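A.B. asks: Starting off with a structure, shown below.
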Amino acid sequence: MEWFRRYWTKIVFFATIVLSWEFLVDNFIIPTPSDILSQFFFILSKVRTWENILASMQKVYVSLAVAIMIGLLIGSLRYFYPKIAEYVDSIFYPSQFIASAVWTLIAIVLFGLSWVTPYFIIIMVILPNLFVAVQIGLKNVNKQLLEFGHSITRHKGRLFRYIIFPQVMPPFFMGIIRSNAIAWKIVVTAEIFIGTNGLGFMVNNYYRLINIPKLFATVLLIIIIGLSMDYLFRQIHRRYFTYDNN
Amino acid sequence: MITIKGLHKKYGGIQIHKDFSYSFEKGKITAIVGSSGIGKTTLLRCIAGLEEYEGDIHIEGKISYMFQEDRLMPWLSIVDNLFLPIKLEGRPITPSDRQRMEYLVRFFQVEEHLSKGVNEVSGGEKQRLLMVRALITNPDILILDEPFKSLDENLYTYIYKKFKDYCSTTNLTVLFVTHHMVLAKGCDKLLKIA
């Protein structure tokens, strides 16, 4: 019962909110938690829901993988060719202030309502996030450890592989965790407006059909998937990229 | 063998070394002594190529540098830390490297600490592990920049004694910065920087 002693205040708080919602809120306006839960299990029993989950996950994780590769490439460029990186900086750094809605419009102009559009939007929105994470990682490389490397070799590739890269990875992976959350927000928004499948498409569909319990159930599904992936990424970060520097 | 001729080194307008010349003899332990801030570490850093300088430093052989701080990579296991210099040299780890490590960890009596985490070993154990790391690539020249400074007197003397025993079996040239005058006088050569 150790976990209960640890979390009982949170459990009581959460239960109070859910029970108040169940019994005090007019279910004509907002569906009750029990309605949402029953609809949640109903939509999960449909094959089409799983296809939509896979469609959204594919967009999020393919985009994230591409953004990670570009982020690491830019990171490497910053280390190996700092002069060129200055020019790349001047393009990527300001792009973090462009709203995702603006990228959506740009994507529609560039690609129309094609399959590329959601990928493009996700990549463009999360890329500055990863870019800044690499920047922080490189800036905080422990100079003493790097100097130890310099006392043995001047080979930039080996210094990067054995001393710099492992130090860049913890902040970079935190950037990936943040990007995962952002990517889920963007994919759902993109699918609501331009999707033909995915969880955002489901949300839009239930909205048009005025099936609010199913709309809420889909939102609950999105939250559960997002939290699960977030938990998975945090476990990877804790296991592989948390170093005890004491 | 290290020959220094006319070394000039400035730090932000302050002259640290002016026309400094010296030859470190091959296979000897040279203790480098002098008051704090006189430029002992700067001299070692110039020799190791970690500082820019004016003058001529001629080095024959491979250098290994043991710093004042431990500089162990916290993301690596102890064993991987010990093999890191070989990887940084761009060589694969060979069976003879493994044999050498086994010999060194036995010699410095740190076998039982290999499975521990980097931050699970004590100061004295860490220094002996660092000694193994410094010697793993079989260097010709070893630079010791007050590596045992943070240890207590007994441990300091014990590790230094172990190290000296090791040196007696090799032809290693050692540059050893220390404030410990008793140990310094016991070295083959003494360089006083004033």
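Note on naming: chains are A, B, ... as they come in the structure tokens, residues start from 1 per chain, ligands start from 1 in the order shown.
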Can you tell me which residues surround A:Leu130 at a distance of at most 12 Å, considering only C-alpha atoms, apart from same-chain residues fewer than 4 positions away, and format the answer as a VMD selection string?
C.D. replies: chain A and resid 64 to 75 92 to 93 96 123 to 126 134 to 137 168 to 180 182
A.B. asks: Atoms to include: C-alpha atoms. Write the selected residues as a compact mmCIF listing (two decimals), in the first residue's frame.
C.D. replies:
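The resulting file, out-v3.txt, is shown below:
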```
# COMPACT_ATOMS: atom_id res chain seq x y z
CA LEU A 64 9.56 12.78 -35.52
CA ALA A 65 12.14 10.37 -36.99
CA VAL A 66 12.80 12.70 -39.93
CA ALA A 67 13.05 15.71 -37.59
CA ILE A 68 15.45 13.79 -35.31
CA MET A 69 17.69 12.96 -38.27
CA ILE A 70 17.69 16.57 -39.48
CA GLY A 71 18.25 17.78 -35.88
CA LEU A 72 21.24 15.48 -35.42
CA LEU A 73 22.60 16.45 -38.82
CA ILE A 74 22.40 20.13 -37.90
CA GLY A 75 23.93 19.35 -34.51
CA PHE A 92 16.15 27.61 -38.13
CA TYR A 93 16.27 29.70 -34.98
CA GLN A 96 10.43 28.58 -33.93
CA ILE A 123 8.39 18.43 -39.08
CA MET A 124 8.49 22.21 -39.50
CA VAL A 125 6.91 22.84 -36.09
CA ILE A 126 9.03 20.41 -34.05
CA VAL A 134 21.06 20.29 -29.79
CA GLN A 135 22.28 23.86 -29.30
CA ILE A 136 21.84 23.56 -25.49
CA GLY A 137 23.57 20.16 -25.51
CA VAL A 168 24.37 16.16 -26.33
CA MET A 169 21.93 13.24 -26.12
CA PRO A 170 20.28 13.98 -22.70
CA PRO A 171 19.04 17.48 -23.66
CA PHE A 172 18.34 16.29 -27.21
CA PHE A 173 16.19 13.47 -25.89
CA MET A 174 14.32 15.93 -23.66
CA GLY A 175 13.68 17.84 -26.89
CA ILE A 176 12.29 14.62 -28.42
CA ILE A 177 9.96 14.18 -25.41
CA ARG A 178 8.65 17.75 -25.83
CA SER A 179 8.39 17.26 -29.59
CA ASN A 180 6.31 14.11 -29.09
CA ILE A 182 3.76 18.95 -29.74
```
A.B. asks: List as a tab-separated table every residue of chain A that is in contact with chain B, defined as an atom at most 9 Å from one of its atoms (using only C-alpha atoms), together with the nearest atom pair and the distance in Å rounded to one decimal, sorted by chain and then rising number.
C.D. replies:
```
residue	atom	partner	partner_atom	distance
A:Gln144	CA	B:Arg71	CA	6.6
A:Leu145	CA	B:Arg71	CA	5.6
A:Glu147	CA	B:Leu50	CA	7.6
A:Phe148	CA	B:Arg71	CA	7.0
A:Gly149	CA	B:Leu88	CA	7.1
A:His150	CA	B:Leu50	CA	7.2
A:Ser151	CA	B:Ala48	CA	6.2
A:Ile152	CA	B:Leu88	CA	6.7
A:Thr153	CA	B:Glu89	CA	6.3
A:His155	CA	B:Leu88	CA	8.1
A:Arg158	CA	B:Leu88	CA	5.9
A:Leu159	CA	B:Leu88	CA	7.0
A:Tyr162	CA	B:Leu88	CA	7.3
A:Ile163	CA	B:Met73	CA	7.9
A:Pro166	CA	B:Trp75	CA	7.3
A:Gln167	CA	B:Trp75	CA	8.5
A:Tyr240	CA	B:Trp75	CA	8.3
A:Phe241	CA	B:Trp75	CA	7.7
A:Thr242	CA	B:Trp75	CA	7.9
A:Tyr243	CA	B:Trp75	CA	5.5
A:Asp244	CA	B:Pro74	CA	6.2
A:Asn245	CA	B:Pro74	CA	6.0
A:Asn246	CA	B:Asn119	CA	6.8
```
A.B. asks: Which polymer residues have any atom within 9 Å of an atom of A:Leu221, counting only C-alpha atoms, with same-chain residues fewer than 3 positions away left out, as a PyMOL selection string?
C.D. replies: chain A and resi 40+44+53+199+216-218+224-226
A.B. asks: Mind writing the picked residues with N, CA and C atoms as an mmCIF file, in the first residue's frame?
C.D. replies:
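Printed below is selection_39.cif as written:
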```cif
data_model
loop_
_atom_site.group_PDB
_atom_site.id
_atom_site.type_symbol
_atom_site.label_atom_id
_atom_site.label_comp_id
_atom_site.auth_asym_id
_atom_site.auth_seq_id
_atom_site.Cartn_x
_atom_site.Cartn_y
_atom_site.Cartn_z
ATOM 1 N N PHE A 40 -15.846 5.111 -25.034
ATOM 2 C CA PHE A 40 -14.414 4.855 -25.225
ATOM 3 C C PHE A 40 -14.192 3.375 -25.550
ATOM 4 N N LEU A 44 -13.145 1.630 -29.187
ATOM 5 C CA LEU A 44 -11.956 0.753 -29.199
ATOM 6 C C LEU A 44 -12.271 -0.619 -29.791
ATOM 7 N N ILE A 53 -5.831 5.105 -35.328
ATOM 8 C CA ILE A 53 -4.724 5.254 -34.356
ATOM 9 C C ILE A 53 -3.398 5.058 -35.095
ATOM 10 N N LEU A 199 -6.886 10.174 -35.870
ATOM 11 C CA LEU A 199 -7.693 10.499 -34.691
ATOM 12 C C LEU A 199 -8.329 11.880 -34.805
ATOM 13 N N PHE A 216 -15.598 13.116 -27.109
ATOM 14 C CA PHE A 216 -14.827 13.130 -25.856
ATOM 15 C C PHE A 216 -14.045 11.824 -25.681
ATOM 16 N N ALA A 217 -14.668 10.711 -26.089
ATOM 17 C CA ALA A 217 -14.002 9.409 -25.968
ATOM 18 C C ALA A 217 -12.746 9.388 -26.837
ATOM 19 N N THR A 218 -12.830 10.011 -28.021
ATOM 20 C CA THR A 218 -11.655 10.066 -28.911
ATOM 21 C C THR A 218 -10.566 10.940 -28.293
ATOM 22 N N ILE A 224 -4.575 9.268 -23.743
ATOM 23 C CA ILE A 224 -3.965 8.011 -23.253
ATOM 24 C C ILE A 224 -2.772 7.620 -24.127
ATOM 25 N N ILE A 225 -2.941 7.738 -25.457
ATOM 26 C CA ILE A 225 -1.816 7.387 -26.350
ATOM 27 C C ILE A 225 -0.645 8.343 -26.118
ATOM 28 N N GLY A 226 -0.957 9.648 -26.040
ATOM 29 C CA GLY A 226 0.095 10.655 -25.825
ATOM 30 C C GLY A 226 0.860 10.404 -24.532
#
```
A.B. asks: Identify which of the residues A:Leu227, A:Met57, A:Ile36, A:Val102 lies closest to A:Trp21, counting only C-alpha atoms when measuring atom-to-atom distances.
C.D. replies: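 Ranking A:Leu227, A:Met57, A:Ile36, A:Val102 by distance to A:Trp21, first place goes to A:Ile36.
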A.B. asks: Near B:Ala31, counting only C-alpha atoms, which residues have an atom at most 7 Å away, once you skip same-chain residues fewer than 2 positions from it, shown as an MDAnalysis selection string?
C.D. replies: chainID B and resid 29 33 175:178 184 187 189:191
A.B. asks: Selected residues, N, CA and C atoms, written as an mmCIF file, in the first residue's frame, please.
C.D. replies:
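Printed below is selection-v5.cif as written:
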```cif
data_model
loop_
_atom_site.group_PDB
_atom_site.id
_atom_site.type_symbol
_atom_site.label_atom_id
_atom_site.label_comp_id
_atom_site.auth_asym_id
_atom_site.auth_seq_id
_atom_site.Cartn_x
_atom_site.Cartn_y
_atom_site.Cartn_z
ATOM 1 N N ILE B 29 61.672 9.620 -13.504
ATOM 2 C CA ILE B 29 60.536 10.344 -12.911
ATOM 3 C C ILE B 29 61.063 11.715 -12.492
ATOM 4 N N VAL B 33 58.196 20.979 -8.993
ATOM 5 C CA VAL B 33 57.690 21.675 -7.808
ATOM 6 C C VAL B 33 57.775 23.190 -8.010
ATOM 7 N N LEU B 175 56.444 12.924 -15.737
ATOM 8 C CA LEU B 175 56.499 14.328 -15.298
ATOM 9 C C LEU B 175 55.453 14.441 -14.195
ATOM 10 N N PHE B 176 55.893 14.730 -12.995
ATOM 11 C CA PHE B 176 55.014 14.595 -11.838
ATOM 12 C C PHE B 176 54.972 15.902 -11.050
ATOM 13 N N VAL B 177 53.878 16.634 -11.218
ATOM 14 C CA VAL B 177 53.725 17.874 -10.447
ATOM 15 C C VAL B 177 53.220 17.514 -9.057
ATOM 16 N N THR B 178 53.882 18.017 -8.046
ATOM 17 C CA THR B 178 53.444 17.723 -6.676
ATOM 18 C C THR B 178 53.843 18.847 -5.713
ATOM 19 N N ALA B 184 58.636 14.275 -3.723
ATOM 20 C CA ALA B 184 59.380 14.945 -4.814
ATOM 21 C C ALA B 184 60.877 14.641 -4.708
ATOM 22 N N CYS B 187 62.063 11.347 -6.082
ATOM 23 C CA CYS B 187 62.004 11.108 -7.532
ATOM 24 C C CYS B 187 63.423 11.134 -8.120
ATOM 25 N N LYS B 189 64.569 12.938 -10.619
ATOM 26 C CA LYS B 189 65.016 14.302 -10.919
ATOM 27 C C LYS B 189 64.049 15.286 -10.254
ATOM 28 N N LEU B 190 64.506 16.464 -10.010
ATOM 29 C CA LEU B 190 63.661 17.485 -9.395
ATOM 30 C C LEU B 190 63.789 18.783 -10.197
ATOM 31 N N LEU B 191 62.651 19.254 -10.684
ATOM 32 C CA LEU B 191 62.655 20.534 -11.419
ATOM 33 C C LEU B 191 61.895 21.552 -10.581
#
```
A.B. asks: Can you list every residue in stretch 63-117 of chain A that DSSP puts in alpha helix (DSSP H), as a PyMOL selection string?
C.D. replies: chain A and resi 63-80+82-95+100-111+116-117
A.B. asks: Just checking: using only C-alpha atoms, which residue out of A:Val132, A:Ile122, A:Leu37, A:Ile212 ends up closest to A:Trp103?
C.D. replies: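 Going through A:Val132, A:Ile122, A:Leu37, A:Ile212 one by one, the smallest distance to A:Trp103 is for A:Ile122.
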A.B. asks: Using backbone DSSP assignments, extract all strand (DSSP E or B) residues from stretch 4-104 of chain B; output them as a compact mmCIF listing (two decimals) with N, CA and C atoms, in the first residue's frame.
C.D. replies:
```
# COMPACT_ATOMS: atom_id res chain seq x y z
N ILE B 4 62.58 21.04 -24.23
CA ILE B 4 61.90 22.34 -24.33
C ILE B 4 62.97 23.41 -24.55
N LYS B 5 62.77 24.22 -25.60
CA LYS B 5 63.74 25.29 -25.86
C LYS B 5 63.01 26.62 -26.00
N GLY B 6 63.38 27.57 -25.19
CA GLY B 6 62.87 28.94 -25.30
C GLY B 6 61.36 29.06 -25.24
N LEU B 7 60.76 28.39 -24.26
CA LEU B 7 59.29 28.43 -24.14
C LEU B 7 58.82 29.78 -23.59
N HIS B 8 57.90 30.39 -24.30
CA HIS B 8 57.26 31.63 -23.83
C HIS B 8 55.77 31.36 -23.73
N LYS B 9 55.20 31.71 -22.59
CA LYS B 9 53.75 31.53 -22.46
C LYS B 9 53.16 32.67 -21.65
N LYS B 10 52.14 33.28 -22.22
CA LYS B 10 51.45 34.38 -21.54
C LYS B 10 50.00 34.02 -21.34
N TYR B 11 49.44 34.47 -20.21
CA TYR B 11 48.00 34.32 -19.97
C TYR B 11 47.43 35.70 -19.76
N ILE B 14 49.84 38.31 -18.70
CA ILE B 14 50.77 37.93 -17.62
C ILE B 14 51.74 36.86 -18.15
N GLN B 15 53.01 37.16 -18.01
CA GLN B 15 54.05 36.22 -18.49
C GLN B 15 54.17 35.05 -17.51
N ILE B 16 53.89 33.85 -17.97
CA ILE B 16 54.00 32.67 -17.10
C ILE B 16 55.39 32.03 -17.27
N HIS B 17 55.77 31.81 -18.52
CA HIS B 17 57.10 31.26 -18.78
C HIS B 17 57.83 32.17 -19.76
N LYS B 18 59.06 32.48 -19.44
CA LYS B 18 59.85 33.34 -20.32
C LYS B 18 61.16 32.63 -20.64
N ASP B 19 61.35 32.30 -21.89
CA ASP B 19 62.57 31.67 -22.37
C ASP B 19 62.94 30.45 -21.50
N PHE B 20 61.97 29.60 -21.28
CA PHE B 20 62.17 28.43 -20.43
C PHE B 20 62.71 27.27 -21.26
N SER B 21 63.79 26.67 -20.79
CA SER B 21 64.36 25.51 -21.49
C SER B 21 64.64 24.40 -20.48
N TYR B 22 64.39 23.16 -20.92
CA TYR B 22 64.66 22.02 -20.03
C TYR B 22 64.56 20.74 -20.84
N SER B 23 65.28 19.72 -20.41
CA SER B 23 65.18 18.40 -21.05
C SER B 23 64.77 17.37 -20.00
N PHE B 24 63.68 16.68 -20.27
CA PHE B 24 63.23 15.60 -19.37
C PHE B 24 63.86 14.30 -19.86
N ILE B 29 61.67 9.62 -13.50
CA ILE B 29 60.54 10.34 -12.91
C ILE B 29 61.06 11.71 -12.49
N THR B 30 60.51 12.75 -13.10
CA THR B 30 60.92 14.11 -12.74
C THR B 30 59.80 14.78 -11.96
N ALA B 31 60.11 15.16 -10.74
CA ALA B 31 59.12 15.88 -9.94
C ALA B 31 59.22 17.36 -10.28
N ILE B 32 58.07 17.99 -10.51
CA ILE B 32 58.05 19.43 -10.81
C ILE B 32 57.42 20.12 -9.61
N VAL B 33 58.20 20.98 -8.99
CA VAL B 33 57.69 21.68 -7.81
C VAL B 33 57.78 23.19 -8.01
N GLU B 54 54.75 29.88 -27.53
CA GLU B 54 55.85 30.24 -28.44
C GLU B 54 57.06 29.47 -27.97
N GLY B 55 57.88 29.04 -28.89
CA GLY B 55 59.07 28.27 -28.55
C GLY B 55 59.01 26.90 -29.17
N ASP B 56 59.89 26.03 -28.70
CA ASP B 56 59.98 24.71 -29.32
C ASP B 56 59.89 23.62 -28.25
N ILE B 57 58.96 22.71 -28.44
CA ILE B 57 58.88 21.54 -27.56
C ILE B 57 58.99 20.30 -28.44
N HIS B 58 60.04 19.53 -28.22
CA HIS B 58 60.24 18.33 -29.02
C HIS B 58 59.93 17.10 -28.15
N ILE B 59 59.02 16.27 -28.65
CA ILE B 59 58.60 15.09 -27.87
C ILE B 59 58.85 13.82 -28.66
N ILE B 63 52.19 10.43 -25.37
CA ILE B 63 51.93 11.04 -24.06
C ILE B 63 50.59 10.58 -23.50
N SER B 64 50.54 10.39 -22.21
CA SER B 64 49.27 10.19 -21.52
C SER B 64 49.22 11.20 -20.36
N TYR B 65 48.07 11.83 -20.19
CA TYR B 65 47.95 12.93 -19.21
C TYR B 65 46.95 12.53 -18.13
N MET B 66 47.38 12.59 -16.89
CA MET B 66 46.46 12.34 -15.78
C MET B 66 46.19 13.67 -15.07
```
A.B. asks: Need the shell around stretch 185-191 of chain A: protein/DNA/RNA residues with any atom at most 10 Å away, counting only C-alpha atoms. Skip same-chain ones fewer than 5 positions apart. Format as a VMD selection string?
C.D. replies: chain A and resid 56 to 57 59 to 60 63 100 to 101 104 117 to 119 121 to 123 125 to 126 179 to 180 196 to 204 219 222 226
A.B. asks: Next, the residues of the selection above should be written as a short mmCIF file (atom, residue, chain, number, x, y, z; two decimals), in the first residue's frame with N, CA and C atoms.
C.D. replies:
```
data_model
loop_
_atom_site.label_atom_id
_atom_site.label_comp_id
_atom_site.auth_asym_id
_atom_site.auth_seq_id
_atom_site.Cartn_x
_atom_site.Cartn_y
_atom_site.Cartn_z
N SER A 56 -2.52 8.04 -37.36
CA SER A 56 -1.99 9.21 -36.63
C SER A 56 -0.58 8.92 -36.12
N MET A 57 -0.39 7.71 -35.59
CA MET A 57 0.93 7.36 -35.05
C MET A 57 1.98 7.37 -36.15
N LYS A 59 2.00 9.24 -38.83
CA LYS A 59 2.34 10.64 -39.14
C LYS A 59 3.26 11.22 -38.06
N VAL A 60 2.90 10.97 -36.80
CA VAL A 60 3.70 11.54 -35.70
C VAL A 60 5.11 10.98 -35.71
N SER A 63 7.35 11.60 -38.90
CA SER A 63 7.78 13.01 -38.87
C SER A 63 8.84 13.22 -37.79
N SER A 100 1.99 27.12 -35.74
CA SER A 100 1.68 25.90 -36.50
C SER A 100 0.58 26.15 -37.52
N ALA A 101 -0.35 27.07 -37.19
CA ALA A 101 -1.42 27.40 -38.15
C ALA A 101 -0.84 28.00 -39.43
N THR A 104 0.56 25.31 -41.45
CA THR A 104 -0.53 24.57 -42.10
C THR A 104 -0.90 25.24 -43.42
N THR A 117 1.34 16.78 -46.65
CA THR A 117 1.02 17.99 -45.89
C THR A 117 1.15 17.82 -44.36
N PRO A 118 0.47 16.82 -43.74
CA PRO A 118 0.62 16.72 -42.28
C PRO A 118 2.06 16.45 -41.84
N TYR A 119 2.78 15.65 -42.63
CA TYR A 119 4.19 15.37 -42.28
C TYR A 119 5.00 16.66 -42.29
N ILE A 121 3.97 19.74 -41.91
CA ILE A 121 3.60 20.65 -40.80
C ILE A 121 4.29 20.19 -39.50
N ILE A 122 4.17 18.89 -39.22
CA ILE A 122 4.76 18.38 -37.96
C ILE A 122 6.26 18.63 -37.94
N ILE A 123 6.93 18.28 -39.04
CA ILE A 123 8.39 18.43 -39.08
C ILE A 123 8.79 19.89 -38.88
N VAL A 125 7.21 22.30 -37.43
CA VAL A 125 6.91 22.84 -36.09
C VAL A 125 7.87 22.27 -35.02
N ILE A 126 8.19 20.98 -35.13
CA ILE A 126 9.03 20.41 -34.05
C ILE A 126 10.53 20.58 -34.29
N SER A 179 8.85 17.31 -28.20
CA SER A 179 8.39 17.26 -29.59
C SER A 179 7.28 16.23 -29.77
N ASN A 180 7.35 15.13 -29.01
CA ASN A 180 6.31 14.11 -29.09
C ASN A 180 4.96 14.72 -28.72
N THR A 196 -8.04 12.75 -43.95
CA THR A 196 -9.00 11.78 -44.47
C THR A 196 -8.98 10.53 -43.60
N ASN A 197 -8.07 10.53 -42.64
CA ASN A 197 -8.01 9.46 -41.64
C ASN A 197 -7.29 10.00 -40.40
N GLY A 198 -7.19 9.14 -39.38
CA GLY A 198 -6.49 9.55 -38.16
C GLY A 198 -7.44 9.96 -37.06
N LEU A 199 -6.89 10.17 -35.87
CA LEU A 199 -7.69 10.50 -34.69
C LEU A 199 -8.33 11.88 -34.80
N GLY A 200 -7.61 12.83 -35.42
CA GLY A 200 -8.17 14.17 -35.65
C GLY A 200 -9.36 14.10 -36.59
N PHE A 201 -9.27 13.22 -37.58
CA PHE A 201 -10.38 13.01 -38.52
C PHE A 201 -11.60 12.46 -37.77
N MET A 202 -11.32 11.53 -36.81
CA MET A 202 -12.41 10.98 -35.99
C MET A 202 -13.08 12.08 -35.17
N VAL A 203 -12.26 12.95 -34.56
CA VAL A 203 -12.78 14.06 -33.75
C VAL A 203 -13.71 14.92 -34.61
N ASN A 204 -13.22 15.27 -35.81
CA ASN A 204 -13.99 16.11 -36.72
C ASN A 204 -15.29 15.43 -37.14
N VAL A 219 -11.01 12.05 -27.67
CA VAL A 219 -10.03 12.92 -27.01
C VAL A 219 -9.33 12.15 -25.88
N ILE A 222 -6.77 9.97 -27.38
CA ILE A 222 -5.58 10.74 -27.77
C ILE A 222 -4.70 11.00 -26.53
N GLY A 226 -0.96 9.65 -26.04
CA GLY A 226 0.09 10.66 -25.83
C GLY A 226 0.86 10.40 -24.53
#
```
A.B. asks: Please indicate the distance in Å from atom CA of B:Tyr160 to atom CA of B:Phe148, rounded to one decimal place.
C.D. replies: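 One can read the atom CA of B:Tyr160 to atom CA of B:Phe148 distance as 8.3 Å.
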A.B. asks: What is the distance between atom CA of A:Ser228 and atom CA of A:Leu209, in Å to one decimal?
C.D. replies: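 If I compute the distance from atom CA of A:Ser228 to atom CA of A:Leu209, I get 28.8 Å.
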A.B. asks: So the first atom is atom CA of A:Ala85 and the second is atom CA of A:Phe131; what is the distance between them in Å, to one decimal place?
C.D. replies: 11.3 Å
